[in-house]
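Okay, query-v5.txt is below, compact mmCIF, C-alpha atoms and all ligand atoms:
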# COMPACT_ATOMS: atom_id res chain seq x y z
CA MET A 5 19.74 -22.66 -0.64
CA ALA A 6 16.84 -21.79 -2.92
CA LYS A 7 16.05 -18.14 -3.46
CA ARG A 8 13.22 -16.94 -1.25
CA VAL A 9 10.36 -14.98 -2.86
CA GLU A 10 10.61 -11.46 -1.51
CA SER A 11 8.22 -8.51 -1.56
CA PRO A 12 8.66 -4.76 -1.02
CA SER A 13 7.66 -5.24 2.63
CA SER A 14 10.03 -8.13 3.28
CA ILE A 15 12.89 -6.22 1.65
CA ASN A 16 12.12 -3.10 3.67
CA THR A 17 11.92 -5.19 6.86
CA PHE A 18 15.32 -6.68 6.05
CA LYS A 19 16.76 -3.19 5.57
CA GLN A 20 15.16 -1.93 8.79
CA CYS A 21 16.32 -4.81 11.01
CA GLN A 22 17.65 -8.18 9.85
CA ARG A 23 16.62 -9.88 13.09
CA LYS A 24 13.06 -8.71 12.56
CA TYR A 25 13.19 -10.17 9.03
CA TYR A 26 14.47 -13.44 10.52
CA TYR A 27 11.60 -13.67 13.01
CA GLN A 28 8.94 -12.71 10.51
CA TYR A 29 10.00 -14.46 7.30
CA ILE A 30 12.32 -17.29 8.31
CA GLU A 31 10.97 -18.39 11.70
CA LYS A 32 7.53 -17.16 10.59
CA LEU A 33 6.55 -16.08 14.10
CA PRO A 34 3.08 -14.54 14.25
CA SER A 35 2.86 -10.79 13.97
CA PHE A 36 0.06 -8.73 15.45
CA PRO A 37 -2.08 -6.43 13.36
CA SER A 38 -2.52 -2.91 14.67
CA VAL A 39 -5.51 -0.68 14.17
CA HIS A 40 -3.48 1.12 11.50
CA THR A 41 -2.93 -2.03 9.43
CA VAL A 42 -6.54 -3.21 9.82
CA ARG A 43 -8.09 0.10 8.87
CA GLY A 44 -5.50 0.49 6.08
CA ASN A 45 -6.79 -2.78 4.61
CA ILE A 46 -10.37 -1.56 4.99
CA ALA A 47 -9.62 1.71 3.17
CA HIS A 48 -7.89 -0.25 0.37
CA SER A 49 -10.94 -2.52 -0.03
CA CYS A 50 -13.28 0.49 -0.25
CA LEU A 51 -11.20 2.13 -2.98
CA GLU A 52 -10.87 -1.15 -4.85
CA HIS A 53 -14.62 -1.80 -4.88
CA PHE A 54 -15.73 1.80 -5.39
CA PHE A 55 -15.13 1.34 -9.11
CA ASP A 56 -17.52 -1.65 -9.20
CA VAL A 57 -20.42 0.59 -8.16
CA ASP A 58 -23.19 0.84 -10.76
CA VAL A 59 -23.13 4.49 -11.83
CA SER A 60 -25.59 4.11 -14.71
CA SER A 61 -28.24 6.18 -12.92
CA TYR A 62 -25.83 8.87 -11.69
CA THR A 63 -26.15 12.35 -13.16
CA ARG A 64 -23.83 15.32 -13.33
CA GLU A 65 -25.90 16.92 -10.58
CA ASN A 66 -26.02 14.05 -8.12
CA TYR A 67 -22.88 11.96 -8.76
CA LYS A 68 -20.77 13.52 -6.00
CA GLN A 69 -23.39 12.93 -3.35
CA LYS A 70 -24.13 9.41 -4.61
CA SER A 71 -20.43 8.55 -4.78
CA ARG A 72 -19.93 9.68 -1.19
CA GLU A 73 -22.90 7.58 -0.12
CA ALA A 74 -21.44 4.59 -1.98
CA LEU A 75 -18.11 5.06 -0.20
CA GLN A 76 -19.87 5.27 3.15
CA LYS A 77 -21.75 2.03 2.45
CA LEU A 78 -18.50 0.35 1.39
CA LEU A 79 -16.79 1.53 4.56
CA LEU A 80 -19.60 0.17 6.75
CA PHE A 81 -19.53 -3.14 4.88
CA HIS A 82 -15.73 -3.63 5.00
CA TRP A 83 -15.51 -2.38 8.59
CA LYS A 84 -18.03 -5.08 9.53
CA THR A 85 -16.09 -7.81 7.71
CA LYS A 86 -13.08 -6.93 9.89
CA ASP A 87 -15.14 -6.91 13.07
CA GLN A 88 -13.35 -9.88 14.68
CA GLU A 89 -9.90 -8.41 13.99
CA LEU A 90 -11.00 -5.04 15.34
CA GLN A 91 -12.42 -6.62 18.50
CA LYS A 92 -9.08 -8.35 19.15
CA LEU A 93 -7.40 -4.94 19.32
CA LYS A 94 -9.34 -4.24 22.52
CA LEU A 95 -10.02 -0.62 21.67
CA THR A 96 -12.75 1.36 23.41
CA GLN A 97 -15.93 2.25 21.52
CA ASP A 98 -14.71 5.86 21.40
CA GLN A 99 -11.41 4.82 19.85
CA LEU A 100 -13.18 2.63 17.27
CA ARG A 101 -15.52 5.49 16.40
CA PHE A 102 -12.54 7.81 16.03
CA TYR A 103 -10.77 5.47 13.59
CA PHE A 104 -13.97 4.84 11.64
CA GLU A 105 -14.63 8.56 11.23
CA GLU A 106 -11.01 9.29 10.40
CA THR A 107 -11.10 6.61 7.69
CA MET A 108 -14.31 8.11 6.29
CA MET A 109 -12.61 11.52 6.16
CA MET A 110 -9.73 9.99 4.18
CA LEU A 111 -12.15 8.45 1.70
CA ILE A 112 -13.99 11.77 1.36
CA ASN A 113 -10.67 13.51 0.78
CA TRP A 114 -9.80 10.98 -1.92
CA SER A 115 -13.24 11.36 -3.51
CA ASN A 116 -12.95 15.17 -3.68
CA GLN A 117 -9.79 14.79 -5.74
CA PHE A 118 -11.44 12.09 -7.86
CA PHE A 119 -14.33 14.49 -8.59
CA GLU A 120 -11.87 17.14 -9.77
CA ARG A 121 -10.42 14.63 -12.19
CA MET A 122 -13.92 13.61 -13.31
CA GLU A 123 -14.83 17.23 -14.02
CA GLY A 124 -11.57 17.76 -15.90
CA ILE A 125 -12.06 14.68 -18.09
CA MET A 126 -15.73 15.42 -18.83
CA GLN A 127 -14.82 18.92 -19.86
CA LYS A 128 -11.72 18.07 -21.85
CA LYS A 129 -13.12 15.07 -23.71
CA GLN A 130 -16.73 16.24 -23.78
CA ILE A 131 -17.89 12.81 -22.64
CA PRO A 132 -20.78 11.79 -20.38
CA LEU A 133 -20.26 11.01 -16.72
CA GLN A 134 -20.41 7.22 -17.13
CA GLU A 135 -17.71 7.31 -19.80
CA ALA A 136 -15.51 9.54 -17.64
CA PHE A 137 -15.97 7.13 -14.71
CA ALA A 138 -14.94 4.19 -16.92
CA TYR A 139 -11.99 6.18 -18.26
CA LEU A 140 -10.74 6.90 -14.73
CA THR A 141 -11.30 3.36 -13.48
CA PRO A 142 -7.84 1.97 -12.74
CA VAL A 143 -6.66 -1.62 -12.94
CA ARG A 144 -6.87 -2.62 -9.27
CA GLU A 145 -5.02 -4.92 -6.88
CA MET A 146 -2.96 -6.48 -9.64
CA GLN A 147 -0.48 -9.09 -8.50
CA TYR A 148 2.92 -9.13 -10.20
CA VAL A 149 5.22 -12.11 -9.74
CA SER A 150 8.73 -12.28 -11.16
CA ASP A 151 10.47 -15.67 -11.30
CA ASN A 152 13.52 -13.91 -12.63
CA TYR A 153 13.90 -11.56 -9.65
CA SER A 154 12.10 -13.85 -7.21
CA VAL A 155 9.93 -10.98 -6.06
CA ARG A 156 6.21 -10.34 -5.99
CA GLY A 157 3.92 -7.47 -5.14
CA PHE A 158 0.38 -6.16 -5.40
CA ILE A 159 -0.11 -2.82 -7.08
CA ASP A 160 -3.15 -1.00 -5.70
CA ALA A 161 -4.02 0.97 -8.84
CA ILE A 162 -2.66 1.23 -12.36
CA GLN A 163 -3.99 4.31 -14.10
CA HIS A 164 -3.81 4.80 -17.86
CA ILE A 165 -3.87 8.49 -18.70
CA GLU A 166 -3.56 9.26 -22.42
CA GLU A 167 -0.19 7.69 -23.30
CA GLU A 168 1.00 7.54 -19.70
CA VAL A 169 0.82 4.78 -17.13
CA HIS A 170 0.87 5.68 -13.44
CA ILE A 171 1.26 3.04 -10.76
CA ILE A 172 -0.21 4.04 -7.43
CA ASP A 173 -0.19 2.76 -3.88
CA TYR A 174 -2.63 4.04 -1.24
CA LYS A 175 -1.39 4.89 2.23
CA THR A 176 -3.21 5.98 5.37
CA ASN A 177 0.08 7.09 7.04
CA SER A 178 0.19 10.23 9.07
CA SER A 179 3.63 10.97 7.62
CA LEU A 180 3.34 12.43 4.13
CA GLU A 181 6.98 11.98 3.24
CA VAL A 182 8.16 9.78 0.35
CA LYS A 183 10.73 8.02 2.53
CA ASP A 184 13.46 5.73 1.20
CA SER A 185 11.34 2.67 2.05
CA ILE A 186 8.46 4.06 -0.03
CA LYS A 187 10.79 4.94 -2.90
CA LEU A 188 12.11 1.37 -2.86
CA GLN A 189 8.57 -0.04 -2.87
CA LEU A 190 7.72 2.08 -5.93
CA ALA A 191 11.02 1.10 -7.58
CA ILE A 192 10.19 -2.61 -7.17
CA TYR A 193 6.67 -2.14 -8.54
CA SER A 194 8.11 -0.26 -11.52
CA LEU A 195 10.59 -3.06 -12.17
CA LEU A 196 7.84 -5.69 -11.97
CA TYR A 197 5.66 -3.65 -14.31
CA PHE A 198 8.51 -3.16 -16.76
CA GLU A 199 9.39 -6.85 -16.76
CA LYS A 200 5.81 -7.90 -17.49
CA HIS A 201 4.81 -5.22 -20.03
CA GLY A 202 8.17 -4.32 -21.60
CA LYS A 203 7.40 -0.66 -20.96
CA LEU A 204 8.34 1.68 -18.13
CA PRO A 205 5.45 3.28 -16.27
CA SER A 206 5.78 7.05 -16.64
CA LYS A 207 5.23 7.73 -12.97
CA ALA A 208 4.83 5.90 -9.70
CA GLY A 209 3.41 7.35 -6.56
CA ILE A 210 1.61 7.23 -3.29
CA PHE A 211 -1.88 8.54 -2.73
CA PHE A 212 -1.58 9.70 0.87
CA LEU A 213 -5.25 9.46 1.79
CA ARG A 214 -4.97 12.22 4.37
CA HIS A 215 -3.51 14.51 1.78
CA LYS A 216 -2.94 13.97 -1.92
CA LEU A 217 -1.19 12.00 -4.63
CA LYS A 218 2.58 12.36 -4.76
CA LEU A 219 4.21 11.03 -7.92
CA ILE A 220 7.84 10.42 -8.83
CA THR A 221 9.22 9.92 -12.32
CA VAL A 222 10.18 6.37 -13.19
CA ASP A 223 13.60 6.13 -14.84
CA GLU A 224 16.50 3.73 -15.25
CA GLU A 225 18.00 4.88 -11.94
CA LEU A 226 14.87 3.82 -10.09
CA LEU A 227 14.99 0.37 -11.69
CA LYS A 228 18.69 0.07 -10.78
CA LEU A 229 17.82 0.82 -7.16
CA ALA A 230 15.25 -2.00 -7.16
CA LYS A 231 17.65 -4.48 -8.81
CA ARG A 232 20.46 -3.61 -6.40
CA GLU A 233 18.35 -4.11 -3.27
CA ILE A 234 16.82 -7.34 -4.61
CA GLU A 235 20.29 -8.73 -5.36
CA LEU A 236 21.55 -7.77 -1.90
CA ILE A 237 18.78 -9.54 -0.03
CA HIS A 238 18.99 -12.68 -2.18
CA ALA A 239 22.76 -12.83 -1.69
CA HIS A 240 22.26 -12.79 2.08
CA THR A 241 19.21 -15.02 2.48
CA SER A 242 20.45 -17.63 -0.02
CA ALA A 243 23.71 -17.94 1.91
CA THR A 244 22.37 -18.41 5.43
CA GLU A 245 19.24 -18.87 7.50
CA GLU A 246 21.09 -18.92 10.85
CA LYS A 247 19.69 -16.52 13.40
CA LYS A 248 23.14 -15.25 14.32
CA ASP A 249 23.62 -14.00 10.76
CA TYR A 250 20.60 -11.69 11.09
CA PRO A 251 21.77 -9.02 13.56
CA LYS A 252 19.54 -6.77 15.59
CA THR A 253 19.22 -3.10 14.71
CA VAL A 254 18.29 -1.54 18.01
CA ASN A 255 16.68 1.86 17.63
CA SER A 256 13.44 3.74 18.20
CA LEU A 257 11.54 1.23 16.04
CA CYS A 258 11.99 -1.43 18.75
CA LYS A 259 9.71 0.35 21.22
CA TRP A 260 8.01 3.69 21.08
CA ASN A 261 5.41 5.59 23.01
CA GLY A 262 2.34 3.36 22.78
CA GLY A 263 3.79 0.50 20.75
CA GLN A 264 6.58 -1.94 20.13
CA CYS A 265 8.02 -4.24 17.50
CA ASP A 266 5.97 -7.46 17.20
CA PHE A 267 9.02 -9.45 18.30
CA TYR A 268 10.18 -7.19 21.11
CA ASP A 269 9.49 -9.71 23.89
CA ILE A 270 11.35 -12.56 22.23
CA CYS A 271 14.14 -10.34 20.91
CA ARG A 272 14.85 -8.39 24.10
CA PRO A 273 16.90 -5.84 22.21
CA HIS A 274 18.19 -4.01 25.25
CA GLU A 275 19.54 -7.04 27.12
S1 LIG B 1 12.88 -5.48 18.78
FE1 LIG B 1 14.24 -4.15 17.59
S2 LIG B 1 16.10 -5.34 17.30
FE2 LIG B 1 14.49 -6.76 17.90
S3 LIG B 1 13.64 -7.54 16.04
FE3 LIG B 1 12.40 -5.82 16.62
S4 LIG B 1 13.30 -4.07 15.56
FE4 LIG B 1 14.82 -5.70 15.53
Transcribe the structure of this file into structure tokens.
Amino acid sequence: MAKRVESPSSINTFKQCQRKYYYQYIEKLPSFPSVHTVRGNIAHSCLEHFFDVDVSSYTRENYKQKSREALQKLLLFHWKTKDQELQKLKLTQDQLRFYFEETMMMLINWSNQFFERMEGIMQKKQIPLQEAFAYLTPVREMQYVSDNYSVRGFIDAIQHIEEEVHIIDYKTNSSLEVKDSIKLQLAIYSLLYFEKHGKLPSKAGIFFLRHKLKLITVDEELLKLAKREIELIHAHTSATEEKKDYPKTVNSLCKWNGGQCDFYDICRPHE
């Protein structure tokens, strides 16, 4: 059987519950976006396009205010483009307003930390605002595909800081913990980066938009973790695509207060 092309999410799904992986990636049953995934995508789009804003008229005095206004406009625009998906979630107007405002607060939180970095760079390098903005503009939404590992992934932001390279993923999660699944995601991105550029990124991390950037050091051990997990999934999925070989992992991720696994009804984990 040919190797499937995996991603950090498919590998983490496989590790969480093999039956869920089977339904999602082999049977390709539809999954249902939640408000968290939709607004996560919206926040990502805002941060991606923020760096395309024309800052040529911004000054040291007004750039914070103008940047916040630009983020607000981006949020309104991207929220509107997801209108149909949001309507399908059947939320009340109050709930939609809550999620919109919460997302705006996350973007403001991110921007406050961006301004600190802007101030630091302008002071350290004695460069004008526009140059500092260009210096801090990351490579965004870069797709990495490895034929060798049969894995692909999108890296939200790649930041070059002096001699260092930091690869960063944005998350709107309420949990601020760098869980094993997140560590594995960063390990896979680091491996993909290393394979393409022949150089290890210095750090990889998550910008928790409710909080702050958390970075981990990229080393050989992290790459080994990625290689090991990639090998394990390929060994399994290349050997069989029979449903019976993808067992259920029944736990609190099947159904929780206010939500359930996308495949709960077809899976019937408790029967
Ligand atoms: S309901 Fe539970 S056991 Fe079934 S696929 Fe989903 S996570 Fe796995």
As a check of understanding: the span from CA of Pro37 (chain A) to CA of Val149 (chain A) is 24.9 Å
Where does region 132-246 of chain A meet region 43-51 of chain A within 12 Å, residue by residue, with the nearest atom pair and distance in Å to one decimal for each, counting only C-alpha atoms, listed by chain and rising number, as a Markdown table?
| residue | atom | partner | partner_atom | distance |
| --- | --- | --- | --- | --- |
| A:Thr141 | CA | A:Leu51 | CA | 10.6 |
| A:Pro142 | CA | A:Leu51 | CA | 10.3 |
| A:Val143 | CA | A:Leu51 | CA | 11.6 |
| A:Arg144 | CA | A:Leu51 | CA | 9.0 |
| A:Glu145 | CA | A:His48 | CA | 9.1 |
| A:Phe158 | CA | A:His48 | CA | 11.7 |
| A:Ile159 | CA | A:His48 | CA | 11.1 |
| A:Asp160 | CA | A:His48 | CA | 7.7 |
| A:Ala161 | CA | A:Leu51 | CA | 9.3 |
| A:Ile172 | CA | A:His48 | CA | 11.8 |
| A:Asp173 | CA | A:His48 | CA | 9.3 |
| A:Tyr174 | CA | A:His48 | CA | 7.0 |
| A:Lys175 | CA | A:Gly44 | CA | 7.1 |
| A:Thr176 | CA | A:Gly44 | CA | 6.0 |
| A:Asn177 | CA | A:Gly44 | CA | 8.7 |
| A:Ser178 | CA | A:Gly44 | CA | 11.7 |
| A:Phe211 | CA | A:His48 | CA | 11.1 |
| A:Phe212 | CA | A:Gly44 | CA | 11.3 |
| A:Leu213 | CA | A:Ala47 | CA | 9.0 |
| A:Arg214 | CA | A:Ala47 | CA | 11.6 |
Using only C-alpha atoms and all ligand atoms, the residue out of A:Gly262, A:Leu217, A:Asp98, A:Thr253 with shortest distance to ligand LIG 1 (chain B) is A:Thr253
With 6 Å as the cut-off and all atoms listed in the file counted, what is the closest atom pair between each nearby residue of chain A and ligand LIG 1 (chain B)? Distances in Å to one decimal, ordered by chain and number, as a tab-separated table.
residue	atom	partner	partner_atom	distance
A:Cys21	CA	B:LIG1	FE4	4.8
A:Arg23	CA	B:LIG1	S3	4.8
A:Lys24	CA	B:LIG1	S3	3.7
A:Lys252	CA	B:LIG1	S2	4.1
A:Thr253	CA	B:LIG1	S2	4.6
A:Val254	CA	B:LIG1	S2	4.4
A:Leu257	CA	B:LIG1	S4	5.6
A:Cys258	CA	B:LIG1	FE1	3.7
A:Cys265	CA	B:LIG1	FE3	4.7
A:Phe267	CA	B:LIG1	FE3	5.2
A:Tyr268	CA	B:LIG1	S1	4.0
A:Cys271	CA	B:LIG1	FE2	4.7
A:Pro273	CA	B:LIG1	S2	5.0
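Each of A:Tyr139, A:Phe119, A:Glu52, A:Val39 was checked against Tyr103 (chain A) using all atoms listed in the file; the smallest atom-to-atom distance is that of A:Val39.
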What's around Lys92 (chain A) at 12 Å? Count all atoms listed in the file, leave out sequence neighbours fewer than 6 positions away in its own chain, and write the answer as a ChimeraX atom specification.
/A:36-39,42,86,100
Keeping only C-alpha atoms, write the selected residues as a short mmCIF file (atom, residue, chain, number, x, y, z; two decimals), in the frame of the given file.
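Okay, out_38.cif is ready:
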data_model
loop_
_atom_site.label_atom_id
_atom_site.label_comp_id
_atom_site.auth_asym_id
_atom_site.auth_seq_id
_atom_site.Cartn_x
_atom_site.Cartn_y
_atom_site.Cartn_z
CA PHE A 36 0.06 -8.73 15.45
CA PRO A 37 -2.08 -6.43 13.36
CA SER A 38 -2.52 -2.91 14.67
CA VAL A 39 -5.51 -0.68 14.17
CA VAL A 42 -6.54 -3.21 9.82
CA LYS A 86 -13.08 -6.93 9.89
CA LEU A 100 -13.18 2.63 17.27
#
Name all residues at most 9 Å from Val169 (chain A) (count all atoms listed in the file; drop same-chain ones fewer than 5 positions away) and give them as number ranges by chain. A: 162-164, 204-208
CA of Lys94 (chain A) to CA of Thr41 (chain A) measures 14.7 Å
Any idea what's packed within 9 Å of region 54-58 of chain A, counting all atoms listed in the file, ignoring anything in its chain fewer than 6 positions away? Could you give it as a PyMOL selection string?
-> chain A and resi 71+74-75+78+137-138+141-142
